[in-house]
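In what follows, a structure is listed as structure tokens, so that the remarks can point back to it.
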Number of protein chains: 2
Amino acid sequence: MAYTIGIDYGTNSVRSIVVRCADGAEIGTSVFNYPSGDLGILLDPSDHNLARQHPGDYVAGLESSILQAISRGKQADSNFSTGKVIGLGVDTTGSSPIPVDENIHPLALQESWKGNLNAECWLWKDHTSVKEAATITELAREHRPQYVAKCGNTYSSEWFWSKIWHCLNVDPEVFDAAYSWVELCDWVPAILAGVTDPKAVKRGVCAAGHKALYAEDWDGLPDKEFLSMLDPKLAELKDRLYDKAYDASEISGNLCEAWANKLGLAAGIPIAIGEFDVHYGAIGAGVDEGVLVKVIGTSTCDCGVVKADKEVADVPGICGIVKGAILPGYFGIEAGQSAVGDIFAWYVERVLKGDSETHIRLTEEASHFKPGESGLLALDWNNGNRTILVDPLLSGLLIGQTLHTSQAEIYRALIEGTAFGARMILERLDEYGIPVNQVVCAGGIAEKNSMLMQIYADITGREMSISGSSQTCALGSAVSAAVVAGSGKGGYDDFKTAQQAMTRLKDETYKPDPEAQAVYNELFAEYKNLHDAFGGVGSTDLGAVMKNLLQIKEAARKG
Amino acid sequence: MAYTIGIDYGTNSVRSIVVRCADGAEIGTSVFNYPSGDLGILLDPSDHNLARQHPGDYVAGLESSILQAISRGKQADSNFSTGKVIGLGVDTTGSSPIPVDENIHPLALQESWKGNLNAECWLWKDHTSVKEAATITELAREHRPQYVAKCGNTYSSEWFWSKIWHCLNVDPEVFDAAYSWVELCDWVPAILAGVTDPKAVKRGVCAAGHKALYAEDWDGLPDKEFLSMLDPKLAELKDRLYDKAYDASEISGNLCEAWANKLGLAAGIPIAIGEFDVHYGAIGAGVDEGVLVKVIGTSTCDCGVVKADKEVADVPGICGIVKGAILPGYFGIEAGQSAVGDIFAWYVERVLKGDSETHIRLTEEASHFKPGESGLLALDWNNGNRTILVDPLLSGLLIGQTLHTSQAEIYRALIEGTAFGARMILERLDEYGIPVNQVVCAGGIAEKNSMLMQIYADITGREMSISGSSQTCALGSAVSAAVVAGSGKGGYDDFKTAQQAMTRLKDETYKPDPEAQAVYNELFAEYKNLHDAFGGVGSTDLGAVMKNLLQIKEAARKG
């Protein structure tokens with residue numbers, strides 16, 4: 001009987017789970033909420049684009065959550081003992097780069113940088129570097145089109161180089177003090193492995209891929225000539241970063257003595273290459289060719305894979321197509337929506353000043369409306385549009401309000417807006433020949449909100465399956481750990497076998513209702529009009545939108 | 001010492017005031033809330049366009065409110081006695097036609113029609129007859145362009161013929177049972193005067209004007225050939241309506257014995273011609289050539305006058321230009337916004353589930369924001385657009401939401417939206433040479449919400465004066481009563497003299513702040529883009545709207 005531990009660093013907390021390799025049973029789980037900032041996020045009241053995180057929280061959460069998951073595992077499964085743990089896997093948010101010194105010690109943990117937000121970890125959702133991202137996009141389109149061809153021709157403010165360059169622009173002292181920068185998903189495995197040389201940190205291709213503009217095609221990171229166009233100091237930094245990145249067939253390292261002692265685990269067990277949460281989440285949800293995994297949370301990430309021996313078209317507006325980013329031997333395809341659960345949370349908490357009870361009440365009320373009945377339509381861009389417009393400077397829109405529009409109608413319209421956004425992505429993949437035969441949803445919202453899932457099925461016209469685990473990302477990390485440990489130790493020799501044994505879907509699925517689908521097709525046409533008009537895709541005549549919504553509404557009320 | 005009584009029928013209540021003719025002092029006031037329906041409005045849960053009112057409430061409120069106003073007047077002013085009341089004036093909502101029998105007795109007060117909403121008064125804001133209005137518009141544009149030339153080339157679902165025709169279409173039994181139809185503002189004076197013959201009811205040109213398509217130019221109501229195009233039964237109805245309508249220089253009748261006894265007033269005192277609330281409101285706020293009166297309430301009505309000896313251009317999108325509709329000897333010019341206070345109430349009560357305290361809190365919070373700082377922009381069309389698009393099938397729109405947008409920011413954006421709508425009207429009047437040298441605002445919102453008034457000044461770039469009376473409509477009715485009574489009885493011989501003596505403005509005004517004005521000019525450009533695009537005025541490229549809002553927001557936050 002072998003076990004692995006999956007460690008999942010989310011936006012507000014880190015979760016560890018102990019998983020039985022034989023059947024994927026999650027025998028012990030523990031969540032550690034980051035103590036710093038606002039729900040773990042360091043904010044700047046004067047700039048709502050800023051989002052940082054304190055690396056000290058990562059270290060504290062690593063020890064605490066693993067120890068507690070182990071202790072719970074022992075209670076739940078009498079066969080379990082720490083000696084049976086054959087490997088560790090880590091996933092984190094990203095791109096979340098951390099400025100570190102020569103010993104990969106984060107600047108933020110050093111007294112001299114205390115209180116400086118630029119010395120902390122730059123959380124994925126930090127959008128302070130919008131201008132840098134735009135310039136990188138512009139320069140790459142002109143001088144290195146291949147750099148952005150696989151990420152929708154647009155480089156994001158959420159990514160590695162934008163953030164580091166912004167740091168150089170706004171706080172050169174921090175930039176100069178940082179010997180190197182390490183992605184959180186590479187940093188945690190390195191800490192567990194006791195690595196202290198930044199150049200020795202084994203980087204995952206998942207984070208390196210389009211986020212750091214890494215590709216084998218151009219021998220790794222961007223060339224120095226290009227980086228010098230941004231700033232010569234970035235070209236210098238390249239030498240202190242890395243030359244090669246690895247997919248999940250490689251181990252990141254082996255558990256060092258110090259951490260083995262802290263955790264009561266065997267020193268030397270393998271640690272899987274770190275990946276982003278949704279990438280391991282996709283593995284935990286059973287991603288395979290033809291399967292699109294949607295991890296629906298505060299935002300939504302869509303992950304698919306295509307065998308690496310095929311030609312994959314550049315898909316405009318798709319965030320990234322990177323070889324090995326998810327599964328070894330496959331192109332990983334990533335798309336997403338910048339805000340989903342965050343939009344519902346914004347409406348309930350910030351606008352209505354409600355709480356989790358409000359979500360439950362509004363979901364119940366909204367479930368009684370028929371499609372189109374509210375006459376409302378929303379664009380799901382409160383946090384910009386990641387796919388397919390790749391434009392963080394877009395914002396939300398609600399149309400069709402009357403004096404009778406209710407609280408719950410708006411709630412439902414916001415949900416529908418995110419489903420229309422999801423359909424745009426599916427249609428784009430379809431258009432460029434990336435097959436999606438099955439959609440698997442994961443994440444708390446997919447699991448808990450059956451009204452939302454039915455709306456997603458009705459709006460996209462596709463059956464929606466739900467991942468069997470409610471800890472899909474951590475489970476994926478545990479799967480990866482089982483693969484790096486190998487069958488000799490009680491793990492597996494490849495991902496397919498490991499996934500078959502360790503992951504499953506729920507029996508219940510959501511099937512599109514043809515009547516609802518018909519109405520939503522009409523609403524989607526209007527969504528697309530607004531999407532294209534406000535997204536700058538093309539100028540559309542919007543003079544009929546409000547009247548069309550009214551007609552759909554009247555028909556829905558009669559029918 | 002002479003006094004008059006002004007009686008003001010609003011949407012939810014009737015208010016009577018006793019006014020001293022010498023100086024306009026309001027010595028006694030009483031409000032009677034209509035007991036029927038939802039805040040006095042009879043609704044149909046299956047059709048939110050429907051809004052009716054029970055005529056029984058009008059009669060009960062007439063007696064009760066006058067008696068109580070008199071009693072309070074006696075307490076407040078020892079000089080006052082009922083013998084000193086020299087006249088009565090009545091204003092009401094409109095167009096609010098009532099189906100009546102041969103004795104002008106409302107069908108709704110007859111046992112056989114009890115419970116039938118079509119037999120009640122069709123309240124101004126009833127929008128069930130959208131289709132009839134569209135057909136009238138179409139037929140008039142083709143066959144009788146002069147009929148709609150002075151009301152923005154569009155006939156409204158809020159008006160007389162749309163409503164009566166809709167009754168005929170949906171409930172022919174009620175239509176057939178109705179001997180005639182009388183506007184509420186003509187019906188109340190007739191009741192006070194003891195008139196029982198529908199043909200003898202003296203109709204005001206204010207209600208008849210564009211609402212019933214009445215004009216001297218075509219000898220009164222629409223010709224029978226035109227009415228037959230709608231329905232031959234409407235042509236037959238014409239004979240049972242009226243041939244002539246009068247302006248406020250005429251009396252409607254004299255107080256009959258029965259009502260004189262009920263009220264303790266002298267029989268035979270004159271009753272002024274009935275007008276719509278905002279028209280008498282305009283008089284009460286000091287309307288004159290060059291003065292635009294804005295009565296800001298649930299909706300906003302804009303009233304101006306131009307001397308009748310001048311040529312007045314047809315102004316596209318302006319609801320009505322009718323000779324004598326407000327002041328005798330002047331064209332009355334009417335424009336408006338279908339929802340203003342109603343939008344704020346919708347947001348607070350229906351979306352936020354708040355109350356009057358919430359309005360106060362949000363106003364306080366919103367007052368701290370700088371123009372443009374929220375990045376939001378709203379179209380004020382939750383109840384359609386009255387001026388200048390004249391389209392009840394438009395709806396609300398909110399754009400620019402992020403995950404940080406607050407409750408109060410949305411509240412302020414809704415207020416700003418109504419101010420942009422107000423500016424559209426001012427610009428349209430300007431464009432067609434109707435001078436506006438002074439803007440006087442009246443109504444509860446204008447009086448109480450100084451933040452809103454400052455926003456109106458900043459957005460329109462015009463100084464805003466406030467009417468001295470908080471009961472402007474009732475005061476205007478009392479002024480009209482003083483004029484029909486005449487100087488011989490202690491009243492006045494003309495409106496100008498009466499207005500000078502009886503009405504006044506508050507000392508405090510709201511002046512535009514140049515800095516705020518500059519930002520709002522930028523926002524107005526975006527408002528106009530959305531207005532034109534969604535209003536069907538022309539196709540505009542909206543691809544930059546969200547980014548422009550973001551730039552304005554960033555500039556506002558920095559500056």
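Convention: chains lettered A, B, ... in structure tokens order; per-chain residue numbering from 1; ligands numbered from 1 as shown.
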Determine, counting only C-alpha atoms, which protein, DNA and RNA residues have an atom within 9 Å of an atom of Thr137 of chain B; residues of the same chain fewer than 6 positions away are not included. Present the result as a PyMOL selection string. chain B and resi 148+153-156
Counting only C-alpha atoms, which residues in chain A sit no more than 6 Å from chain B? For each one, give the nearest pair of atoms and the distance in Å, sorted by chain then residue number, as JSON lines.
```
{"residue": "A:Trp346", "atom": "CA", "partner": "B:Leu403", "partner_atom": "CA", "distance": 5.5}
{"residue": "A:Arg350", "atom": "CA", "partner": "B:Ser406", "partner_atom": "CA", "distance": 5.8}
{"residue": "A:Val351", "atom": "CA", "partner": "B:Gln407", "partner_atom": "CA", "distance": 4.5}
{"residue": "A:Leu352", "atom": "CA", "partner": "B:Leu352", "partner_atom": "CA", "distance": 5.5}
{"residue": "A:Asn382", "atom": "CA", "partner": "B:Thr402", "partner_atom": "CA", "distance": 4.1}
{"residue": "A:Asn383", "atom": "CA", "partner": "B:Thr402", "partner_atom": "CA", "distance": 5.8}
{"residue": "A:Leu394", "atom": "CA", "partner": "B:Met546", "partner_atom": "CA", "distance": 5.7}
{"residue": "A:Ser395", "atom": "CA", "partner": "B:Gly400", "partner_atom": "CA", "distance": 4.9}
{"residue": "A:Gly396", "atom": "CA", "partner": "B:Gln401", "partner_atom": "CA", "distance": 4.5}
{"residue": "A:Leu397", "atom": "CA", "partner": "B:Ile399", "partner_atom": "CA", "distance": 4.3}
{"residue": "A:Leu398", "atom": "CA", "partner": "B:Leu398", "partner_atom": "CA", "distance": 5.2}
{"residue": "A:Ile399", "atom": "CA", "partner": "B:Leu397", "partner_atom": "CA", "distance": 4.3}
{"residue": "A:Gly400", "atom": "CA", "partner": "B:Ser395", "partner_atom": "CA", "distance": 4.9}
{"residue": "A:Gln401", "atom": "CA", "partner": "B:Gly396", "partner_atom": "CA", "distance": 4.5}
{"residue": "A:Thr402", "atom": "CA", "partner": "B:Asn382", "partner_atom": "CA", "distance": 4.1}
{"residue": "A:Leu403", "atom": "CA", "partner": "B:Trp346", "partner_atom": "CA", "distance": 5.5}
{"residue": "A:Ser406", "atom": "CA", "partner": "B:Val351", "partner_atom": "CA", "distance": 5.7}
{"residue": "A:Gln407", "atom": "CA", "partner": "B:Val351", "partner_atom": "CA", "distance": 4.5}
{"residue": "A:Ala533", "atom": "CA", "partner": "B:Gly543", "partner_atom": "CA", "distance": 5.6}
{"residue": "A:Phe534", "atom": "CA", "partner": "B:Gly543", "partner_atom": "CA", "distance": 4.5}
{"residue": "A:Gly535", "atom": "CA", "partner": "B:Gly543", "partner_atom": "CA", "distance": 5.6}
{"residue": "A:Gly536", "atom": "CA", "partner": "B:Gly543", "partner_atom": "CA", "distance": 3.8}
{"residue": "A:Ser539", "atom": "CA", "partner": "B:Asp541", "partner_atom": "CA", "distance": 5.2}
{"residue": "A:Asp541", "atom": "CA", "partner": "B:Ser539", "partner_atom": "CA", "distance": 5.2}
{"residue": "A:Leu542", "atom": "CA", "partner": "B:Phe534", "partner_atom": "CA", "distance": 5.4}
{"residue": "A:Gly543", "atom": "CA", "partner": "B:Gly536", "partner_atom": "CA", "distance": 3.8}
{"residue": "A:Met546", "atom": "CA", "partner": "B:Leu394", "partner_atom": "CA", "distance": 5.7}
```
What lies within 12 Å of Asp217 of chain A using only C-alpha atoms, ignoring chain neighbours under 3 positions off, as an MDAnalysis selection string? chainID A and resid 146:147 150 209 213:214 220:223 244 322:323
Quick one: pick out all strand (DSSP E) residues within segment 299-418 of chain A from a backbone DSSP run and write them as a VMD selection string. chain A and resid 300 to 307 320 to 323 330 to 337 377 to 379 396 to 401
Could the residues in this selection be written to a file with N, CA, C and O atoms, as a short mmCIF file (atom, residue, chain, number, x, y, z; two decimals), in the first residue's frame?
```cif
data_model
loop_
_atom_site.label_atom_id
_atom_site.label_comp_id
_atom_site.auth_asym_id
_atom_site.auth_seq_id
_atom_site.Cartn_x
_atom_site.Cartn_y
_atom_site.Cartn_z
N THR A 300 -11.94 31.03 -14.18
CA THR A 300 -12.03 29.68 -14.77
C THR A 300 -10.82 29.44 -15.65
O THR A 300 -10.42 30.31 -16.42
N CYS A 301 -10.23 28.24 -15.49
CA CYS A 301 -9.15 27.84 -16.38
C CYS A 301 -9.61 26.64 -17.16
O CYS A 301 -10.18 25.70 -16.60
N ASP A 302 -9.39 26.69 -18.46
CA ASP A 302 -9.74 25.59 -19.33
C ASP A 302 -8.45 24.93 -19.79
O ASP A 302 -7.56 25.62 -20.28
N CYS A 303 -8.37 23.62 -19.61
CA CYS A 303 -7.16 22.91 -20.00
C CYS A 303 -7.51 21.75 -20.91
O CYS A 303 -8.43 20.98 -20.63
N GLY A 304 -6.75 21.64 -21.99
CA GLY A 304 -6.89 20.49 -22.88
C GLY A 304 -5.51 20.04 -23.28
O GLY A 304 -4.51 20.73 -23.05
N VAL A 305 -5.43 18.85 -23.89
CA VAL A 305 -4.14 18.36 -24.39
C VAL A 305 -4.30 17.79 -25.79
O VAL A 305 -5.36 17.28 -26.14
N VAL A 306 -3.24 17.92 -26.58
CA VAL A 306 -3.19 17.35 -27.92
C VAL A 306 -1.84 16.67 -28.07
O VAL A 306 -0.82 17.27 -27.69
N LYS A 307 -1.86 15.46 -28.57
CA LYS A 307 -0.60 14.69 -28.68
C LYS A 307 0.49 15.53 -29.36
O LYS A 307 0.24 16.20 -30.35
N GLY A 320 -2.31 29.87 -24.14
CA GLY A 320 -1.02 29.21 -24.27
C GLY A 320 -1.14 27.81 -24.83
O GLY A 320 -2.04 27.07 -24.45
N ILE A 321 -0.26 27.49 -25.71
CA ILE A 321 -0.15 26.13 -26.23
C ILE A 321 1.31 25.75 -26.03
O ILE A 321 2.18 26.23 -26.75
N VAL A 322 1.57 24.94 -25.03
CA VAL A 322 2.95 24.66 -24.63
C VAL A 322 3.14 23.16 -24.50
O VAL A 322 2.37 22.49 -23.81
N LYS A 323 4.20 22.66 -25.13
CA LYS A 323 4.51 21.24 -25.09
C LYS A 323 4.90 20.85 -23.67
O LYS A 323 5.78 21.45 -23.07
N TYR A 330 2.44 15.73 -24.59
CA TYR A 330 1.27 16.39 -25.16
C TYR A 330 1.49 17.91 -25.15
O TYR A 330 2.13 18.44 -24.23
N PHE A 331 0.91 18.55 -26.14
CA PHE A 331 0.77 20.00 -26.01
C PHE A 331 -0.29 20.28 -24.94
O PHE A 331 -1.36 19.66 -24.94
N GLY A 332 0.02 21.17 -24.04
CA GLY A 332 -0.99 21.64 -23.11
C GLY A 332 -1.65 22.87 -23.71
O GLY A 332 -0.97 23.74 -24.26
N ILE A 333 -2.97 22.91 -23.67
CA ILE A 333 -3.70 24.04 -24.23
C ILE A 333 -4.44 24.71 -23.09
O ILE A 333 -5.19 24.06 -22.37
N GLU A 334 -4.22 25.99 -22.95
CA GLU A 334 -4.81 26.67 -21.81
C GLU A 334 -5.61 27.88 -22.27
O GLU A 334 -5.14 28.68 -23.08
N ALA A 335 -6.83 27.96 -21.78
CA ALA A 335 -7.64 29.14 -22.02
C ALA A 335 -8.26 29.52 -20.68
O ALA A 335 -7.99 28.87 -19.67
N GLY A 336 -9.08 30.57 -20.66
CA GLY A 336 -9.67 30.89 -19.37
C GLY A 336 -10.47 32.17 -19.34
O GLY A 336 -10.47 32.94 -20.31
N GLN A 337 -11.15 32.35 -18.24
CA GLN A 337 -11.95 33.56 -18.01
C GLN A 337 -11.42 34.21 -16.73
O GLN A 337 -11.35 33.56 -15.69
N LEU A 377 -28.76 40.77 -19.93
CA LEU A 377 -27.60 40.14 -20.54
C LEU A 377 -26.37 40.81 -19.92
O LEU A 377 -26.35 42.03 -19.76
N ALA A 378 -25.37 40.01 -19.57
CA ALA A 378 -24.17 40.56 -18.95
C ALA A 378 -22.92 40.12 -19.70
O ALA A 378 -22.85 39.01 -20.20
N LEU A 379 -21.97 41.04 -19.80
CA LEU A 379 -20.63 40.67 -20.24
C LEU A 379 -19.81 40.34 -18.99
O LEU A 379 -19.85 41.09 -18.01
N GLY A 396 -16.96 45.22 -17.00
CA GLY A 396 -18.27 44.58 -17.00
C GLY A 396 -19.33 45.40 -17.69
O GLY A 396 -19.17 46.61 -17.92
N LEU A 397 -20.41 44.73 -18.04
CA LEU A 397 -21.55 45.41 -18.66
C LEU A 397 -22.81 44.63 -18.33
O LEU A 397 -22.82 43.40 -18.38
N LEU A 398 -23.85 45.36 -17.97
CA LEU A 398 -25.16 44.73 -17.75
C LEU A 398 -26.17 45.54 -18.54
O LEU A 398 -26.18 46.77 -18.48
N ILE A 399 -27.02 44.83 -19.28
CA ILE A 399 -27.98 45.52 -20.13
C ILE A 399 -29.34 44.86 -19.98
O ILE A 399 -29.44 43.67 -19.70
N GLY A 400 -30.39 45.66 -20.15
CA GLY A 400 -31.75 45.12 -20.13
C GLY A 400 -32.51 45.38 -18.84
O GLY A 400 -33.64 44.93 -18.68
N GLN A 401 -31.91 46.14 -17.92
CA GLN A 401 -32.58 46.43 -16.65
C GLN A 401 -33.87 47.23 -16.87
O GLN A 401 -33.87 48.18 -17.64
#
```
Based on DSSP run over this structure's backbone, return all residues of segment 20-193 of chain B in alpha helix (DSSP H), as number ranges by chain. B: 55-76, 130-143, 145-149, 160-170, 172-177, 184-193
With only C-alpha atoms as the atoms that count, which of B:Leu192, B:Gln438, B:Met451, B:Gln517 lies nearest to Glu365 of chain B?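 Once distances to Glu365 of chain B are computed over only C-alpha atoms, the minimum belongs to B:Met451.
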Shell around segment 78-85 of chain A at 6 Å using only C-alpha atoms, local window under 5 positions removed, as number ranges by chain: A: 2-4, 265
Contacts of segment 95-109 of chain B at 10 Å or less, counting only C-alpha atoms, minus same-chain residues fewer than 4 places along, as a PyMOL selection string? chain B and resi 52-56+113-126+157-161+163-164+167+174-187+190-191+195-201+206-208+211-212+240+276
